[in-house]
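Novice: Quick one: the structure is below, questions incoming.
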Amino acid sequence: MIQEGGEAPEAARLLRNRVFIEEQQVSEEEEYDGLDVQCSHYVLQKGEIPVATARIRPSGSTYKLERMAVAADWRMHGFGKKLVEHMLAESRLSGKEVYLHAQLQAAGFYEKLGFIPEGPHFEEAAIMHVKMRRKL
């Protein structure tokens, strides 16, 4: 399921709540930053069950992949990879650059998808991150 603009679909909000707010203790204010209306939202489902979500947002001449979350029971099954590959395959992104702020424990995942780390590590929402880029 893909939703363009507006608020995140309910399935995306539920996954983001579970992963970021409950598991990682990110505040609701940080998680819901008011930028959802500028984003395209993605939810990957297995049958009727939402297992992964992310959003992508125009950011100047590039795009930023954000709020990537996979439900704990569904991690390590390739759903995150499938979702990111689907998002990056969109024709509107062809020839564009996409960047993200990867949590350090997820940087290897993004490297396997062609993202390259850039710059020093930094803290965001009390979690260490690294900026990563990929040209499509």
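The chains in the structure tokens are called A, B, ... from first to last as shown; in each chain the residues are counted from 1, and the ligands are counted from 1 in the order shown.
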Determine, counting only C-alpha atoms, which protein, DNA and RNA residues have an atom within 7 Å of an atom of segment 16-33 of chain A; residues of the same chain fewer than 2 positions away are not included. Present the result as number ranges by chain.

Specialist: A: 12-14, 35, 69, 71, 125

Novice: Take the residues that were just selected and, keeping C-alpha atoms, output them as an mmCIF file, in the first residue's frame.

Specialist:
```cif
data_model
loop_
_atom_site.group_PDB
_atom_site.id
_atom_site.type_symbol
_atom_site.label_atom_id
_atom_site.label_comp_id
_atom_site.auth_asym_id
_atom_site.auth_seq_id
_atom_site.Cartn_x
_atom_site.Cartn_y
_atom_site.Cartn_z
ATOM 1 C CA ALA A 12 2.160 3.132 9.412
ATOM 2 C CA ARG A 13 1.326 5.018 12.602
ATOM 3 C CA LEU A 14 0.836 1.771 14.512
ATOM 4 C CA LEU A 35 6.352 16.581 8.090
ATOM 5 C CA ALA A 69 10.367 0.614 10.699
ATOM 6 C CA ALA A 71 7.768 -4.927 13.208
ATOM 7 C CA ALA A 125 16.320 11.326 19.223
#
```

Novice: Based on the backbone DSSP call, show me all residues of segment 24-110 of chain A assigned strand (DSSP E or B), as an NGL selection string.

Specialist: :A and (40-46 or 49-59 or 62-70 or 97-103)

Novice: With segment 49-64 of chain A as the partner and 6 Å as the cut-off, tabulate the residues of segment 72-116 of chain A that qualify, each row holding the nearest pair of atoms and their distance in Å to one decimal, using only C-alpha atoms, sorted by chain and rising number, as JSON lines.

Specialist:
```
{"residue": "A:Glu97", "atom": "CA", "partner": "A:Thr62", "partner_atom": "CA", "distance": 5.1}
{"residue": "A:Val98", "atom": "CA", "partner": "A:Tyr63", "partner_atom": "CA", "distance": 4.8}
{"residue": "A:Tyr99", "atom": "CA", "partner": "A:Lys64", "partner_atom": "CA", "distance": 5.0}
{"residue": "A:Leu100", "atom": "CA", "partner": "A:Lys64", "partner_atom": "CA", "distance": 5.5}
```

Novice: Name the residues in contact with segment 86-88 of chain A at a cut-off of 9 Å, using only C-alpha atoms, excluding same-chain residues fewer than 2 positions from it; report them as a PyMOL selection string.

Specialist: chain A and resi 42+54-56+65+81-84+90-91+93-94+98+136

Novice: Just to confirm, what's the straight-line distance from atom CA of Gly114 of chain A to atom CA of Gln45 of chain A in Å (one decimal)?

Specialist: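 Here the two named atoms are 24.0 Å from each other.
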
Novice: Given only C-alpha atoms as the basis, pick out the residue of A:Arg134, A:His101, A:Ala89, A:Val70 nearest to Leu113 of chain A.

Specialist: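 Nearest candidate to Leu113 of chain A out of A:Arg134, A:His101, A:Ala89, A:Val70: A:Arg134.
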
Novice: Counting only C-alpha atoms, figure out which residue out of A:His121, A:His41, A:Arg67, A:Arg133 gets nearest to Lys96 of chain A.

Specialist: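 Among the listed residues, A:Arg133 lies closest to Lys96 of chain A.
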
Novice: Please give the complete set of residues from segment 4-107 of chain A that DSSP, run on the backbone, assigns to alpha helix (DSSP H), formatted as a PyMOL selection string.

Specialist: chain A and resi 10-16+28-31+79-88+107

Novice: Using C-alpha atoms, can you write the selected residues to a file as a compact mmCIF listing (two decimals), in the first residue's frame?

Specialist:
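Output (result_20.txt):
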```
# COMPACT_ATOMS: atom_id res chain seq x y z
CA GLU A 10 -3.08 4.08 10.33
CA ALA A 11 -0.96 0.95 9.73
CA ALA A 12 2.16 3.13 9.41
CA ARG A 13 1.33 5.02 12.60
CA LEU A 14 0.84 1.77 14.51
CA LEU A 15 4.20 0.40 13.35
CA ARG A 16 5.99 3.67 14.07
CA GLU A 28 5.87 11.22 20.32
CA GLU A 29 6.74 14.86 19.58
CA GLU A 30 9.98 13.84 17.84
CA GLU A 31 8.36 10.97 15.94
CA PHE A 79 10.75 -7.11 4.33
CA GLY A 80 12.78 -3.97 5.03
CA LYS A 81 14.93 -4.62 1.97
CA LYS A 82 11.88 -5.26 -0.18
CA LEU A 83 10.23 -2.04 0.98
CA VAL A 84 13.31 0.15 0.40
CA GLU A 85 13.94 -1.40 -3.03
CA HIS A 86 10.31 -0.69 -3.98
CA MET A 87 10.58 2.91 -2.81
CA LEU A 88 13.84 3.52 -4.69
CA ALA A 107 24.01 1.27 8.64
```

Novice: Contacts of Met128 of chain A at 9 Å or less, counting only C-alpha atoms, minus same-chain residues fewer than 3 places along, as number ranges by chain?

Specialist: A: 102-105, 121-125
